[in-house]
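Asker: Here you go, this is model.txt (compact mmCIF, C-alpha atoms).
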# COMPACT_ATOMS: atom_id res chain seq x y z
CA PHE V 24 -17.20 7.59 1.53
CA LEU V 25 -14.16 5.49 0.80
CA ARG V 26 -12.86 2.94 3.25
CA ALA V 27 -9.18 3.52 4.00
CA ALA V 28 -8.12 -0.05 3.23
CA ASP V 29 -9.65 -0.82 -0.13
CA ALA V 30 -11.33 2.29 -1.53
CA MET V 31 -14.82 0.83 -1.08
CA PRO V 32 -17.33 3.54 -0.10
CA ALA V 33 -20.33 3.46 2.24
CA PRO V 34 -23.65 5.05 1.20
CA VAL V 35 -23.29 8.47 2.81
CA ARG V 36 -25.18 10.99 0.68
CA ASP V 37 -23.11 14.13 1.19
CA PHE V 38 -19.78 12.36 0.67
CA LEU V 39 -21.03 10.50 -2.38
CA CYS V 40 -22.01 13.85 -3.86
CA ARG V 41 -18.55 15.25 -3.13
CA LEU V 42 -17.00 12.26 -4.84
CA GLY V 43 -18.91 13.18 -7.96
CA ALA V 44 -21.63 10.59 -7.44
CA ASP V 45 -25.34 11.35 -7.27
CA PRO V 46 -27.31 9.18 -4.81
CA LEU V 47 -30.50 9.82 -6.77
CA ARG V 48 -29.19 8.20 -9.92
CA PRO V 49 -30.42 4.64 -10.44
CA ALA V 50 -26.92 3.24 -10.89
CA GLU V 51 -23.37 4.51 -11.03
CA LEU V 52 -20.07 2.69 -11.35
CA CYS V 53 -16.96 4.38 -9.97
CA TYR V 54 -13.30 3.46 -10.32
CA TYR V 55 -10.20 4.91 -8.68
CA SER V 56 -6.91 3.96 -10.29
CA GLY V 57 -3.69 3.64 -8.34
CA THR V 58 -1.04 6.33 -8.01
CA PRO V 59 2.77 6.10 -7.91
CA GLU V 60 2.54 6.44 -4.11
CA LYS V 61 -0.35 3.97 -3.75
CA LEU V 62 -0.21 1.17 -6.26
CA TYR V 63 -3.73 -0.03 -5.68
CA GLY V 64 -7.09 1.29 -6.69
CA GLY V 65 -10.66 0.33 -6.10
CA GLY V 66 -14.20 0.84 -7.14
CA TRP V 67 -17.81 0.49 -6.28
CA TYR V 68 -21.25 0.06 -7.76
CA HIS V 69 -23.74 2.55 -6.42
CA ILE V 70 -27.49 1.88 -6.73
CA CYS V 71 -30.00 4.54 -5.60
CA GLY V 72 -27.93 5.64 -2.62
CA ARG V 73 -26.78 2.16 -1.65
CA ILE V 74 -23.41 0.55 -2.31
CA LEU V 75 -23.44 -2.99 -3.63
CA GLU V 76 -21.02 -4.79 -1.31
CA GLY V 77 -21.73 -8.36 -2.41
CA ALA V 78 -22.11 -11.58 -0.42
CA HIS V 79 -18.52 -11.48 0.88
CA GLY V 80 -17.91 -7.74 1.07
CA SER V 81 -15.88 -7.71 -2.12
CA GLY V 82 -18.51 -6.31 -4.48
CA GLY V 83 -17.16 -3.55 -6.68
CA GLU V 84 -13.50 -4.62 -6.55
CA ILE V 85 -13.17 -3.36 -10.08
CA GLY V 86 -9.44 -2.78 -9.73
CA HIS V 87 -8.91 -6.50 -9.23
CA MET V 88 -10.52 -7.69 -12.43
CA VAL V 89 -7.73 -9.56 -14.20
CA MET V 90 -7.29 -7.77 -17.52
CA MET V 91 -3.82 -8.90 -18.62
CA ALA V 92 -2.22 -12.28 -19.18
CA GLU V 93 0.19 -13.35 -16.45
CA ASP V 94 3.17 -13.20 -18.79
CA GLU V 95 2.48 -9.49 -19.38
CA VAL V 96 3.11 -8.62 -15.73
CA ASP V 97 6.30 -9.17 -13.76
CA VAL V 98 4.93 -8.58 -10.26
CA PHE V 99 1.92 -9.64 -8.25
CA CYS V 100 -0.79 -7.19 -7.32
CA ASN V 101 -1.26 -6.39 -3.61
CA CYS V 102 -4.35 -8.61 -3.70
CA GLY V 103 -2.25 -11.66 -4.63
CA LEU V 104 -3.38 -11.87 -8.26
CA ARG V 105 -1.40 -10.83 -11.30
CA GLY V 106 -2.63 -8.71 -14.20
CA CYS V 107 -5.26 -6.73 -12.30
CA LEU V 108 -6.88 -3.68 -13.87
CA GLU V 109 -5.17 -1.35 -11.41
CA GLN V 110 -1.81 -2.80 -12.42
CA ALA V 111 -2.59 -2.03 -16.06
CA SER V 112 -4.14 1.41 -15.76
CA SER V 113 -2.43 3.17 -12.85
CA ALA V 114 -0.07 6.13 -13.10
CA SER V 115 2.77 3.82 -12.09
CA ARG V 116 1.99 1.48 -14.96
CA VAL V 117 2.10 4.32 -17.48
CA ILE V 118 5.60 5.11 -16.27
CA ASP V 119 6.56 1.44 -16.57
CA TYR V 120 5.14 1.26 -20.11
CA ALA V 121 7.07 4.34 -21.18
CA LYS V 122 10.35 3.09 -19.67
CA LYS V 123 9.90 -0.29 -21.34
CA LEU V 124 9.44 1.38 -24.72
CA LEU V 125 12.52 3.52 -24.11
CA ARG V 126 14.57 0.39 -23.38
CA GLU V 127 13.25 -1.78 -26.17
CA THR V 128 12.89 0.68 -29.06
CA ASP V 129 14.92 3.44 -30.65
CA MET V 130 11.92 5.75 -31.05
CA ASP V 131 12.59 9.45 -30.67
CA SER V 132 11.04 10.83 -27.51
CA CYS V 133 11.46 13.87 -25.30
CA LEU V 134 11.39 11.45 -22.37
CA ARG V 135 14.86 10.17 -23.31
CA ILE V 136 16.54 13.30 -22.01
CA LEU V 137 15.01 12.86 -18.55
CA ASP V 138 16.83 10.87 -15.89
CA ASN V 139 13.50 10.11 -14.26
CA PHE V 140 9.93 11.13 -14.95
CA ALA V 141 6.42 10.93 -13.55
CA ALA V 142 3.15 10.04 -15.23
CA LYS V 143 2.48 13.76 -15.71
CA GLU V 144 5.55 14.08 -17.93
CA VAL V 145 4.30 11.14 -20.01
CA CYS V 146 0.88 12.77 -20.33
CA ASP V 147 2.42 16.14 -21.23
CA ALA V 148 4.60 14.47 -23.86
CA CYS V 149 1.58 12.67 -25.26
CA ALA V 150 -0.37 15.94 -25.47
CA ALA V 151 2.59 17.46 -27.35
CA GLY V 152 2.50 14.64 -29.92
CA ASP V 153 5.33 12.43 -28.65
CA LYS V 154 4.67 9.03 -30.27
CA LEU V 155 6.34 6.92 -27.60
CA ALA V 156 4.43 8.66 -24.81
CA THR V 157 1.24 8.28 -26.81
CA MET V 158 1.79 4.53 -27.09
CA ALA V 159 2.19 4.30 -23.31
CA ILE V 160 -0.97 6.31 -22.66
CA ASP V 161 -2.93 4.40 -25.30
CA ARG V 162 -2.02 1.07 -23.75
CA CYS V 163 -3.26 2.17 -20.34
CA CYS V 164 -6.48 3.61 -21.77
CA THR V 165 -7.14 0.54 -23.91
CA VAL V 166 -7.17 -1.75 -20.88
CA LEU V 167 -9.34 0.64 -18.85
CA GLY V 168 -11.76 1.24 -21.72
CA ARG V 169 -12.11 -2.50 -22.32
CA ALA V 170 -12.75 -3.11 -18.62
CA LEU V 171 -15.45 -0.44 -18.53
CA GLY V 172 -16.99 -1.95 -21.65
CA LEU V 173 -17.29 -5.31 -19.93
CA LEU V 174 -18.72 -3.69 -16.82
CA GLY V 175 -21.14 -1.63 -18.88
CA THR V 176 -22.45 -4.76 -20.56
CA CYS V 177 -22.92 -6.52 -17.21
CA PHE V 178 -24.31 -3.66 -15.08
CA ASP V 179 -25.49 -0.91 -17.47
CA PRO V 180 -24.85 2.02 -15.06
CA GLU V 181 -26.13 5.49 -15.78
CA ILE V 182 -22.62 6.91 -15.55
CA PHE V 183 -18.99 5.87 -14.97
CA LEU V 184 -16.84 8.00 -12.67
CA ILE V 185 -13.05 7.82 -12.93
CA GLY V 186 -10.67 9.01 -10.22
CA GLY V 187 -7.16 8.39 -8.99
CA GLY V 188 -3.73 9.19 -10.36
CA MET V 189 -4.47 9.08 -14.09
CA ALA V 190 -7.70 11.05 -13.80
CA GLY V 191 -5.61 14.19 -13.39
CA ALA V 192 -4.92 14.10 -17.12
CA GLY V 193 -8.59 14.84 -17.79
CA ASP V 194 -9.75 14.63 -21.40
CA LEU V 195 -6.40 13.26 -22.55
CA ILE V 196 -7.40 10.05 -20.78
CA LEU V 197 -11.20 10.27 -20.94
CA ASP V 198 -11.40 10.75 -24.71
CA ARG V 199 -9.30 7.64 -25.31
CA VAL V 200 -11.18 5.57 -22.73
CA ARG V 201 -14.54 6.59 -24.21
CA LYS V 202 -13.44 5.53 -27.68
CA ILE V 203 -12.26 2.10 -26.51
CA TYR V 204 -15.31 1.66 -24.28
CA LYS V 205 -17.63 1.92 -27.28
CA ARG V 206 -15.74 -0.88 -29.04
CA TYR V 207 -16.32 -3.35 -26.21
CA VAL V 208 -19.69 -2.51 -24.67
CA PHE V 209 -23.13 -3.85 -25.66
CA GLN V 210 -24.47 -1.21 -28.03
CA ALA V 211 -27.49 -0.29 -25.89
CA ALA V 212 -25.02 1.13 -23.34
CA ALA V 213 -22.59 2.69 -25.81
CA GLU V 214 -23.47 6.29 -24.93
CA THR V 215 -23.09 5.94 -21.16
CA PRO V 216 -21.20 9.02 -19.89
CA ILE V 217 -17.66 8.57 -18.56
CA ALA V 218 -16.67 11.47 -16.32
CA LEU V 219 -14.20 12.46 -13.61
CA ALA V 220 -14.88 12.03 -9.91
CA THR V 221 -14.34 15.27 -8.03
CA LEU V 222 -12.11 14.50 -5.02
CA GLY V 223 -9.24 12.86 -6.87
CA ASN V 224 -6.57 11.36 -4.64
CA ASP V 225 -8.09 13.00 -1.54
CA ALA V 226 -11.14 10.72 -1.63
CA GLY V 227 -9.64 8.16 0.73
CA ILE V 228 -8.70 10.88 3.23
CA TYR V 229 -12.25 12.25 3.32
CA GLY V 230 -13.68 8.77 3.60
CA SER V 231 -11.37 7.80 6.45
CA ALA V 232 -12.27 10.98 8.34
CA LYS V 233 -15.96 10.22 7.90
CA MET V 234 -15.41 6.71 9.29
CA VAL V 235 -13.94 8.22 12.46
CA LEU V 236 -16.81 10.73 12.76
CA ASP V 237 -19.37 7.94 12.38
As a first step, turn the structure in this file into structure tokens.
Answerer:
Amino acid sequence: FLRAADAMPAPVRDFLCRLGADPLRPAELCYYSGTPEKLYGGGWYHICGRILEGAHGSGGEIGHMVMMAEDEVDVFCNCGLRGCLEQASSASRVIDYAKKLLRETDMDSCLRILDNFAAKEVCDACAAGDKLATMAIDRCCTVLGRALGLLGTCFDPEIFLIGGGMAGAGDLILDRVRKIYKRYVFQAAAETPIALATLGNDAGIYGSAKMVLD
């Protein structure tokens, strides 16, 4: 289940299954991106029913891998670093990317007629062929795909599970991430499946409840 504070799960079989993980798999790597309401994500590395927590309890903090140069990010992450994966691939960041493009370019976009918009509107516009929205989505997916490629080379999991705010876009996100992943991963791991976790943004709620029950 997921700890309330940092989205790190404990090795509880039934809850891992509900998250989309399989405790019988040799190795899985899971990542939850942030949402507009919760601008932090998290992750874990799951090995045969056991979570790799690391020597200091910070194992699997995938969301805090620094994936962008400091001058690409205006604000610090909640962890104190700047340029973390969750800053680059969250639903909030997609909105920021789109708004930046609207300010700095004169590209036609259906987003221009909206006073405000959510990540879903950016995803819908991308699916409809809006070029500006597509650029925003592609930037998010490029960073996430590159991060998974690096992780795949280091850990070679049997599967990657993606959850959180952007996972709601389904194949619109997954297809792009898979394509980028293959460009950055060691070729022996190029066909590793990348799929959606099953609880979405409710994962932390279920995990917190399980903590109380335990």
Asker: Could you work out how far CA of Ile85 (chain V) lies from CA of Leu197 (chain V), giving the answer in Å with one decimal?
Answerer: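 One can read the CA of Leu197 (chain V) to CA of Ile85 (chain V) distance as 17.5 Å.
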Asker: Pick out the closest residue to Gly187 (chain V) from this set: V:Ser115, V:Gln210, V:Thr165, V:Ser81. Count all atoms listed in the file.
Answerer: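 The answer is V:Ser115, which sits nearest to Gly187 (chain V).
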Asker: Quote the spacing between CA of Lys202 (chain V) and CA of Cys164 (chain V) in Å to one decimal place.
Answerer: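 Straight-line distance from CA of Lys202 (chain V) to CA of Cys164 (chain V) works out to 9.3 Å.
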Asker: Using all atoms listed in the file, which residue out of V:Ile217, V:Ala170, V:Ile203, V:Ala212 lies closest to Gly186 (chain V)?
Answerer: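 So, comparing all the options, the nearest one is V:Ile217.
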Asker: With all atoms listed in the file counted, which protein, DNA or RNA residues have an atom no more than 9 Å from (-7.0, 3.0, -26.3) in the file frame? Please answer as a list of chain:residue names.
Answerer: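 Residues close enough to count: V:Met158, V:Ile160, V:Asp161, V:Arg162, V:Cys163, V:Cys164, V:Thr165, V:Val166, V:Leu167, V:Gly168, V:Arg169, V:Ile196, V:Arg199, V:Val200, V:Arg201, V:Lys202, V:Ile203, V:Tyr204.
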Asker: Please report the interatomic distance between CA of Val117 (chain V) and CA of Ala159 (chain V) in Å with one decimal.
Answerer: 5.8 Å
